[in-house]
Structures are given as C-alpha cells and as structure tokens.
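Chemist: First, the structure itself, so that you have it in front of you.
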Amino acid sequence: MAAKAGTGTAPAAVSGRSDSGIPLRFGDDLLLWASWLYYEEGLTQSDIARIIGVSRASVISYLADARTRGIVNIAIETAKLRSLSIAKALQEHFGLKDCLVIPGEGGGRNPFESLGSGGAQALRSIFKPGDTIGVGWGRSVLAAAERLSVDGLQDVRVVQATGSTSAHVPYTPAACATAMATAIRAECIPISAPAIVSRRELRDMLLQETPVREQLASLEELNRIVFGIASLRPNSTLYSSGFLNDNPQFRDAYAGAVGAIAGHYIDDMGRKVDGPLDGRIIGISLEQIASTPQRIAIASGIDKVPAILAALRGGFVNVLITDAVTGAGILSADGRDIQTAHAAAPQASGTGTAVLVRSSVKKFLNAPDDAVDEALEGAVTEHAAFLRPVRESNRALIARNGPREGKVGLVIGGGSGHDPCFLGYVGRGMADAVAIGNVFASPPPGPIFDCTRAVNRGAGVLHLFGNYSGDVMNFEMAAEMAQMEGIEVSTVVTTDDIASSGAEDRSGRRGVAGNIFVFKVAGAACDRMLPLPQVESLARKANRRTYTVGVALESCSLPETRRPLFTLGDGEMEVGVGVHGEPGVLRQSVETADDTADLVVDRILSEMDPARGDEVALLLNSLGSTPLMELYIIGRRVRQRLKARGVSVARSWAGHYCTSLDMVGMSVTMMHLDEQLRDLLDHPSDTPAFRIA
Amino acid sequence: MLLLSPILSGLHGRMAEVGVDDIMAVLREASARLASASEHLGQLDGEIGDGDHGTTMVRGFSAIVRALGEVEPGSSDLTTLFALCAGSFLDSVGATAGPLYASGLLRAGSYAEGRESLPAQEAPMLLVALGDGIGSRGKAVAGDKTMMDVWLPVGQAVKAARAKGAPLGDTLAEVKTVAGHATEATRSMIASKGRAARLGERSIGHVDPGAASAAIIIDSFSDILAQRLG
C-alpha cells in the first residue's frame, strides 16, 4: 500500500486556529500538514495532535478530509489488489474460513520462499496457546516453518501427521514437524514408525506398540493441521522425495487420482482413491483431516491446480495459502471467471462497443468442405510449370525439375491454410515434393510416403517440417513405411518460434515462418548433391540459427466455421502467436508499430546474441491480412534496431510467406548468417514463391 | 432349442457375443454423435487449440462409416474390421487424431486376434486396447490434458470391473460415468502436450476437446452394446 500526500486545492482556513500561534509551516493548510506528518513522516495521530496543537479527534477528521478533498490519494498496487480479490473470490467460492494469496507469479525464481513467508505470516496469527497442531510434510510446509518464529505460546503441541520416511530430502515428515515445533517453541510429538509399511499385518502390529499407539492417539486431539498438497505430475515431490515409488503399476493403480494429502490419494472431487497403499499407511487418515476444525493447506504451483482443487472440493481445506497465479488457476478451473468475480482493475481489454459485429466472416468459398481441394486444384494449375501430382491426388505434389539420380530428395509438408506454405516452395533448389493436409492439420502418412517414394533417387530422403505433434506422428509413420521399403529417411523438425517455449526447451518449440530459410538451405544443399547426413546437419544448423516471433491483432477464421478462432479485445494484441490461429503466449495492449517491432527484436536479439559486424537474413511475413504497408513500417524499425546493434541485413524478404488464413498480424524472422548459410541462401532456386536467380 | 438360445440369453439380459455387426453399429453411432457435437468440439478446441478437432473427428468417422458400407455381411472378422477402420480414418484426416486413433483401432484389432466375435463380457476390453494403442503412439501421461485423461481412467475402470467379475451392464454404465467425469476433470489440468501446451496456465478452465470426443465414442460404445443386450 502506498500513500502519497498530494498538493490538492488548499482548503479554506480551518477554524482560524492560525491566530493561536500554530506554526504555519504549511501555510494555512492543516490538512496538508497533518497528512504529511501521518503518511510521509509516519507519525502517530497522537504525535501529530501534539505537534499541531489540536486534539487527536481533530487530526482524525483532518486526515479524513484530506482524503475526500484529494490532498491524499491512496493507490494500492494493482498486483496486490488482484491477489486480494483472488483471495476473496476463493474464500467465497469455496466457503473458506480464510485465504491468503501471495501476489506475483507462481513460477518465480524461488516460489517456496515467498509461499513460505506468506505461510509463516498467516500461521503467526493463527496459532494460539493450548493448540494441538498437526504438521504434514513437503517443501511448502518446511518453508513456512523455517520462516516462522513465535514466542510465548503456552502449552502448544505439534504432532507429526504421518510416519517417517527415509528419503534423502530436507522436507521429510519428521523434519517438518521438528522445524514447526522449534519455530513456535512447542512440544513435538513424532511418529516413531514408517509412513508406509510393506504389509498390512505389519501396520496392525506396529499400531499395538505403545509409543506408536499413543502418538497416533494425539492425532485425534488436533484442533489445527498444516499440510501441503502433492500433485501427481511427473516432477511431483511425492516421487522425487521417494515417499512413493514412481512405477507404472503404481501409476496405473492410481490412474483416477489427481493429488495426494498426507500420503492418501484423492480423485478430482476429493474422494479417496483405493489402491495398493490401503491399510499400509501409518499416520493421519483423510477422515481425521476432514474432522480437524482448522485445516490449513499451503500449496502453490500451476501444475498443482487439479490437486488443490480436489482438496478444496473434498472439504479437506478451510484455510488456503497460495499465490495469485495458482489461485486464479483454481478459480478458472472451477468455472469461475476471476475478472468478473472481482474486477480488480479495469483492463484495457474488454468488450468495448464493437464497431462492427458480424455473426460470420465473409469469404470467397463454395462448400467449405471443398475449400482445400478446390484451392489445390487452382494452385496446381497455376503453378503447373513447377509441380505436378505424384499420382492422381493433389495432396502429394512433386517438382517437375529437381528430383534426379543421386540427389537427396527433400520432402516438406504440413496443413493447408498457410499459403504459400508449403507448395510454394516446391521446385528446383528447394523442396522436391510436398504432402498437404487439411486446414491446419497434418497430412496422413499416405501422401507423405507417396512423396518420399517418388523423390527417392538412391541418395535417401530428408523429411523437413514444423514441430507439431500431428506432423511428427504422421511423418514418423510415413518414414517407417519408407524404411520398410529400404528407403533411407532422415528427419529434421523446424523449431524457430522462440515465443512458443523457453530457450531450454528449444526442441519443444514450433516451426513457423523460419521454415522458409530452413527449406532454402536444405534445398540448396540437396541441389549441390551433398550426401544425406550433410544435408541433415545443414538443415539442423539453419534451424538452430533461425528465430521468429509473431504478433497477431485479429484471429483468423476457418472456412468451416467462418468465425474467429479466438477473440482479441479492441485494444489487445497477441504476442507469440503461431500460424494455426492458436492463441499466443501473452496478451497485451496494442503498441505502436515501433514499440511492437522493439518487443519482437528484443526477444530475438536476446536469444541470437549477435556480435557487431554479424549478418542476418530478414523475413517480414504477413500472417494473412496485414498489408505490405505495415510490414514495411515494422521492417523500418527492425532495421534501425539492427543498425544500432551493429548487425547488417544481408538479405531480406517481405510479404506473404507463411500465413495463418486471414489472420491480421505479422512475424519477424531472422537467420543468423555465417558464410556457409549465406552461400546456401544465395544458391539459385526456382519455385512458385521463392526465386533466386 | 438352438434357435431359441439367443432369445433365452436375451431374457437373461445378456448378449452372448459381440461381433462385427455390433462394432459396426457402435462406430456408426459414434460417427452420428460426433457429427452433432462437431461445432461444440470445434469451440472447445478454439479455446486452446486451432479449432479443427470437431471437423477432424467427423471426417475420420465419416470415412470409417463409408468404408463400413463396403463390408460384405459376414465377410469380416473383428481384426480385419478394425484395420479397415484404422486405415480409413488415417487416410482421411492425418492431423493428430489420425495416427492416434489409427493406432488405437489397430490395437483393438490385434486384441480380437482374428476372431469374428468376442464373448460379450470381454467386449469392454476393446476400450482398454484402444486406449493402450493411442497411449503408445502419443506418449501422453495422465494429467497432460489430452484424450488419454479419458482413455486411461476408462481402461482402469474396465479392468477393475473385470477383476471383480461385474455384470456387463454395470460395467458399461460405469464406463460412461467414468468417461463423463474424466472429461470434466480435464478442466482443471494444464496442457502439456500438443499445441495447447504452449498456452501454459491459460489452458486451465477449458475442457480438453480430445477428451470430450473420446467420451462421445466411449458413450456410443456403452449405449449401443447396452441397447443390443436384449
């Protein structure tokens, strides 16, 4: 919370007290003076009363007046307000007794640090003398315990909620309970038995042992319990801690579970899931948790949303400590729109009065289902000088001039709707054949295999396509079919869209307009009769050095539906958009062309990290409806930025190269050149959409 | 007596065998239901993907139904039938669904081991095989927010019912419940496969379209077999 004393209009003299010897440091403005001392100097109301020489009641009324007259403006940081509104929404929606939401991102540098501090802050006001507190285990619980320190709570007991584990992690059940007990100077009751035993009979026997029996009996006396919620995602602490084995049988047995509390699996509605651990767990039961009066869960992380939601639905939680991103995720997962739940801050977005509201997008079409085949019929005729069907279908096309004895065959392919991708790049010096799918959908293995067989002239075939799960699977099946016929096939997937995934996950990124540079380099290498392994490695290199970021202003619409795939508000743009109309990774308010170009260039340069004097090839690509005029405006700024960085644009192209139907938007691609790549880029090519003389 | 036996077994609420005709009826029903859900599936996909899931599934199943029209009555066994379906589906759509369902259908076919029919009690195991085939091609695990989040729990439910020796009618009903429930459960998941994976936390709150269409197929299977029980 930040308070500022502003310079509002000076109020009329207040009750003529200036006559009675009050220092007029703020002119006659007692309101401003009192506000200054209170908000900026941090004095108490009594101190201020003494300094100004009025009663404390007067100070209170001055401060209130200062607010109403606008002398003091209180601004609450939006992020904090947002988390407050999420907390309120969570509390209402799930009927929680209390909810604390830490502002900020869940995936921060150390999420447990801020969650732990938040947890500690909450627990400090929750714990009371005479409490018997159950303590679960996990990173969040330990983080909270380590940041907590409370003195003077009398007769408090901490009970370890589950048995012990031998896991080599710092946050074992025993460690968590001990840390919590130390933090609040409480007596600690451990559980002197393993959390999970190998056989039921063993558990029954252990429960007859006096210490264990007594320890477990104290779990019946809990008035509060603090615990974490485990996700069952592959990276979950449940597995990394060794608390549970992560083996396929085990997973299979608990297939219906989404999370775990104190070693008990629950399904998405928070019901217990039966499985091989039944009767083998020593520690608190789900029933005991549910009947504990105060049940405090500390958990955050976007991958924990299903688990936390399950725990809430099952009634295992009545106090939740989480972060804003997770909180928002939980609410939207349960169908509650947080924007409408508590409009924290009015967004630039929203549904302002639309200038034009249409129920469908106008298109030049006959039967929508025929769109792809009719377009292909037109394109194949249009470009008959370059290509022809492999057999009778237009879904597999081969270059008229290209495939020849001893040359590696280059097969590209992908869905329709990206024109001139992909058939525009078939011809001498680029691809030898293309397989074409439905709108935004990978071609099946059949046509890919037909292409592969048709271009194989004894030197093998390279499959080159964008990294999408459909394309990967279909090309993989076609490659298997080709290999069964003894055709050597190598595969390279393009991954130039740097917005689609972090740098550490380069192989998970999708392929977009940068395809063209990679096709060009690979095609040139084939045309120079290089052997398959070398073609493959050059294609990989070209891909590695190619970077694309796209920005959309309006969604595209499919022929079948003629409706926008997603909607962008009046003032919004989608950054990191792909070429399938799939929403981008970030939605923000529309910037000027220069600011948008800067955003894109910053992103590309930070990853490319070129040295002064380096060269790039530049591709300014319209995603469909953005005119060349705007591409030039963007391109102008991109070049200014590159110049400032000391990078020269050796080759460049602007226009429609890889589109997303009628999307309004553009992408910028840069290939970080070296001599070899520039040479291959300059190699002659003659295709419908890309010609180098 | 021989002529009466199907009727008698019908009286017991039990269908002796599930054969080619039954599976064909299931596939036709699934095709019809997918067609009427096409727009809804497309909208679900538009929220987190590229909006084509409805049309893809309809195209694939229409191709299956067209191929079924060519099957001479009594000429096919289940393995051949499923292979025919896999090929038709794959050739007509490609996409992501193509290889996944083709692999699933082939696996269901190999489960049938060339038989013309299966004991009705065993028929739900076809769903397990379908799910296994899809899973091994797509490599998605539980919680990835994919169609496997329906196929996995459904497979699990079938196996559990089989282990307890539950009556077929109960198993079919259970499978439907599980599928519906599992579909809804994808709402809280964060996508980690396919195009939606790039959306990260923005995928939360939306039902996965692949899960929704899987549930439609599973429902068709249950309803049609239950209907043909008597």
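In the structure tokens, chains take the letters A, B, ... in the order shown, each chain's residues start at 1, and ligands count up from 1 in the order shown.
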Report as number ranges by chain all protein, DNA and RNA residues lying within 8 Å of Glu201 of chain B, evaluated on only C-alpha atoms, omitting residues in the same chain fewer than 2 positions from it.
Modeler: A: 302, 329; B: 190-191, 199, 203-204
Chemist: For the selection you just gave me, I'd like the residues written to a file as a compact mmCIF listing (two decimals), in the first residue's frame, keeping N, CA and C atoms.
Modeler:
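out10.txt was written with the following content:
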```
# COMPACT_ATOMS: atom_id res chain seq x y z
N ILE A 302 1.29 -23.98 -10.63
CA ILE A 302 0.22 -24.12 -11.59
C ILE A 302 -0.07 -25.60 -11.87
N GLY A 329 -5.84 -19.82 -11.27
CA GLY A 329 -6.00 -21.10 -11.96
C GLY A 329 -7.07 -21.97 -11.31
N ILE B 190 -3.49 -28.52 -16.71
CA ILE B 190 -2.71 -27.61 -17.53
C ILE B 190 -2.13 -28.44 -18.67
N ALA B 191 -2.32 -27.95 -19.90
CA ALA B 191 -1.93 -28.74 -21.06
C ALA B 191 -0.43 -28.88 -21.15
N LEU B 199 0.18 -22.80 -24.32
CA LEU B 199 -0.64 -21.82 -23.63
C LEU B 199 -0.36 -21.76 -22.14
N SER B 203 -4.46 -22.58 -20.38
CA SER B 203 -5.28 -23.72 -20.79
C SER B 203 -6.21 -24.18 -19.66
N ILE B 204 -5.95 -23.73 -18.46
CA ILE B 204 -6.80 -24.13 -17.33
C ILE B 204 -8.19 -23.54 -17.49
```
Chemist: Might you pull out every residue within 6 Å of segment 178-186 of chain B, with only C-alpha atoms counted and same-chain residues fewer than 6 positions away left off, and present them as number ranges by chain?
Modeler: B: 145, 150, 207-208, 211-212, 215
Chemist: What is the atom CA of Val156 of chain A to atom CA of Glu187 of chain A distance in Å?
Modeler: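 Atom-to-atom, atom CA of Val156 of chain A and atom CA of Glu187 of chain A are spaced 6.4 Å apart.
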Chemist: List the spatial neighbours of Ile224 of chain B as an MDAnalysis selection string - criterion: any atom at most 8 Å away, only C-alpha atoms, same-chain residues fewer than 3 positions off excluded.
Modeler: chainID B and resid 22 25:26 29 220:221 227:228
Chemist: How about saving the chosen residues, C-alpha atoms kept, as a PDB file, in the first residue's frame?
Modeler:
```pdb
ATOM      1  CA  ASP B  22     -22.273 -54.794 -33.128  1.00  0.00           C
ATOM      2  CA  ALA B  25     -23.302 -50.245 -35.038  1.00  0.00           C
ATOM      3  CA  VAL B  26     -21.104 -48.672 -32.382  1.00  0.00           C
ATOM      4  CA  GLU B  29     -23.483 -44.297 -33.655  1.00  0.00           C
ATOM      5  CA  SER B 220     -21.620 -44.709 -28.038  1.00  0.00           C
ATOM      6  CA  PHE B 221     -19.889 -47.998 -27.287  1.00  0.00           C
ATOM      7  CA  GLN B 227     -29.166 -51.472 -26.170  1.00  0.00           C
ATOM      8  CA  ARG B 228     -28.245 -54.642 -28.027  1.00  0.00           C
TER       9      ARG B 228
END
```
Chemist: To one decimal in Å, tell me the separation between atom CA of Gly429 of chain A and atom CA of Cys526 of chain A.
Modeler: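 Computing the Euclidean distance for atom CA of Gly429 of chain A and atom CA of Cys526 of chain A yields 7.5 Å.
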Chemist: Please identify which residues in segment 364-582 of chain A DSSP calls alpha helix (DSSP H) from the backbone, and express them as a PyMOL selection string.
Modeler: chain A and resi 371-382+445-455+469-484+515-527+532-544
Chemist: Write the residues of the preceding selection, restricted to C-alpha atoms, as a compact mmCIF listing (two decimals), in the first residue's frame.
Modeler:
```txt
# COMPACT_ATOMS: atom_id res chain seq x y z
CA ALA A 371 -12.15 -25.41 -49.86
CA VAL A 372 -8.84 -27.27 -49.58
CA ASP A 373 -9.35 -29.44 -52.65
CA GLU A 374 -10.59 -26.55 -54.77
CA ALA A 375 -7.69 -24.37 -53.71
CA LEU A 376 -5.26 -27.16 -54.51
CA GLU A 377 -6.85 -27.67 -57.90
CA GLY A 378 -6.36 -23.98 -58.62
CA ALA A 379 -2.82 -23.87 -57.25
CA VAL A 380 -1.63 -26.95 -59.09
CA THR A 381 -2.89 -25.50 -62.37
CA GLU A 382 -1.49 -22.07 -61.54
CA PRO A 445 1.23 -40.90 -43.75
CA GLY A 446 -0.13 -41.98 -47.17
CA PRO A 447 0.72 -38.87 -49.21
CA ILE A 448 3.95 -38.32 -47.27
CA PHE A 449 5.00 -41.83 -48.18
CA ASP A 450 4.00 -41.29 -51.82
CA CYS A 451 6.21 -38.18 -51.93
CA THR A 452 9.07 -39.99 -50.26
CA ARG A 453 9.00 -42.87 -52.68
CA ALA A 454 8.69 -40.52 -55.67
CA VAL A 455 11.74 -38.39 -54.81
CA SER A 469 2.59 -33.34 -32.68
CA GLY A 470 0.36 -34.28 -35.63
CA ASP A 471 3.06 -33.72 -38.24
CA VAL A 472 5.61 -35.52 -36.11
CA MET A 473 3.43 -38.63 -35.78
CA ASN A 474 2.32 -38.76 -39.42
CA PHE A 475 5.81 -38.18 -40.82
CA GLU A 476 7.12 -40.75 -38.35
CA MET A 477 4.64 -43.34 -39.64
CA ALA A 478 5.49 -42.48 -43.27
CA ALA A 479 9.21 -42.78 -42.51
CA GLU A 480 8.59 -46.23 -41.00
CA MET A 481 6.74 -47.23 -44.16
CA ALA A 482 9.58 -45.92 -46.36
CA GLN A 483 12.24 -47.65 -44.32
CA MET A 484 10.39 -50.92 -44.71
CA ASN A 515 10.63 -22.74 -42.23
CA ILE A 516 11.38 -20.91 -45.45
CA PHE A 517 15.02 -20.25 -44.58
CA VAL A 518 15.49 -23.83 -43.46
CA PHE A 519 13.81 -25.18 -46.62
CA LYS A 520 16.08 -22.92 -48.68
CA VAL A 521 19.29 -24.03 -47.01
CA ALA A 522 18.35 -27.72 -47.09
CA GLY A 523 17.13 -27.46 -50.70
CA ALA A 524 20.38 -25.80 -51.80
CA ALA A 525 22.40 -28.48 -50.06
CA CYS A 526 20.41 -31.17 -51.91
CA ASP A 527 20.78 -29.34 -55.21
CA LEU A 532 22.07 -37.07 -46.74
CA PRO A 533 23.98 -36.76 -43.44
CA GLN A 534 25.43 -33.44 -44.55
CA VAL A 535 22.08 -32.15 -45.81
CA GLU A 536 20.56 -33.12 -42.50
CA SER A 537 23.22 -31.38 -40.46
CA LEU A 538 22.98 -28.20 -42.55
CA ALA A 539 19.21 -28.18 -42.10
CA ARG A 540 19.70 -28.55 -38.36
CA LYS A 541 22.19 -25.73 -38.33
CA ALA A 542 19.88 -23.45 -40.32
CA ASN A 543 17.06 -24.23 -37.93
CA ARG A 544 19.23 -23.64 -34.88
```
Chemist: Should the cut-off be 9 Å, what would the residue list for chain B against chain A look like, counting only C-alpha atoms, as a count of residues only?
Modeler: 54
Chemist: Atom CA of Gly87 of chain B and atom CA of Arg395 of chain A are how many Å apart?
Modeler: 16.7 Å
Chemist: Neighbours of segment 163-179 of chain A within 6 Å (only C-alpha atoms; same-chain residues fewer than 3 positions away dropped), as a PyMOL selection string?
Modeler: chain A and resi 135+137-139+142+145+160+182+191+193-195+241-242+282-283
Chemist: Put those residues in a file: C-alpha atoms, as a CSV table (one decimal), in the first residue's frame.
Modeler:
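Everything below was put into out12.csv:
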```csv
chain,number,residue,atom,x,y,z
A,135,VAL,CA,2.0,-30.9,10.7
A,137,TRP,CA,5.3,-32.6,5.1
A,138,GLY,CA,6.7,-31.1,2.0
A,139,ARG,CA,8.6,-28.1,0.7
A,142,LEU,CA,9.0,-26.7,5.7
A,145,ALA,CA,8.2,-23.4,9.4
A,160,GLN,CA,3.9,-35.2,13.1
A,182,THR,CA,11.1,-25.3,17.1
A,191,ILE,CA,5.5,-40.7,15.0
A,193,ALA,CA,7.1,-45.7,12.6
A,194,PRO,CA,7.5,-45.5,8.9
A,195,ALA,CA,4.9,-43.6,6.9
A,241,SER,CA,11.1,-37.3,-2.3
A,242,GLY,CA,11.0,-41.1,-2.5
A,282,ILE,CA,0.7,-45.0,9.3
A,283,GLY,CA,-0.4,-41.5,10.1
```
Chemist: I want to know what sits within 10 Å of Ser55 of chain A, based on only C-alpha atoms, with residues of the same chain fewer than 5 positions away left out; could you give that as a tab-separated table (two decimals) with N, CA and C atoms, in the first residue's frame?
Modeler:
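Produced file result21.tsv, reproduced below:
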```tsv
chain	number	residue	atom	x	y	z
A	45	GLN	N	-1.18	9.47	15.20
A	45	GLN	CA	-2.16	10.56	15.28
A	45	GLN	C	-1.96	11.38	16.55
A	46	SER	N	-1.57	10.72	17.64
A	46	SER	CA	-1.36	11.45	18.90
A	46	SER	C	-0.16	12.40	18.77
A	48	ILE	N	0.95	13.74	16.10
A	48	ILE	CA	0.58	14.84	15.21
A	48	ILE	C	-0.27	15.86	15.98
A	49	ALA	N	-1.18	15.34	16.79
A	49	ALA	CA	-2.05	16.22	17.59
A	49	ALA	C	-1.19	17.13	18.46
A	50	ARG	N	-0.13	16.52	19.05
A	50	ARG	CA	0.74	17.29	19.94
A	50	ARG	C	1.50	18.36	19.14
A	60	ILE	N	-7.79	13.12	13.28
A	60	ILE	CA	-8.52	12.09	12.54
A	60	ILE	C	-9.43	12.73	11.49
```
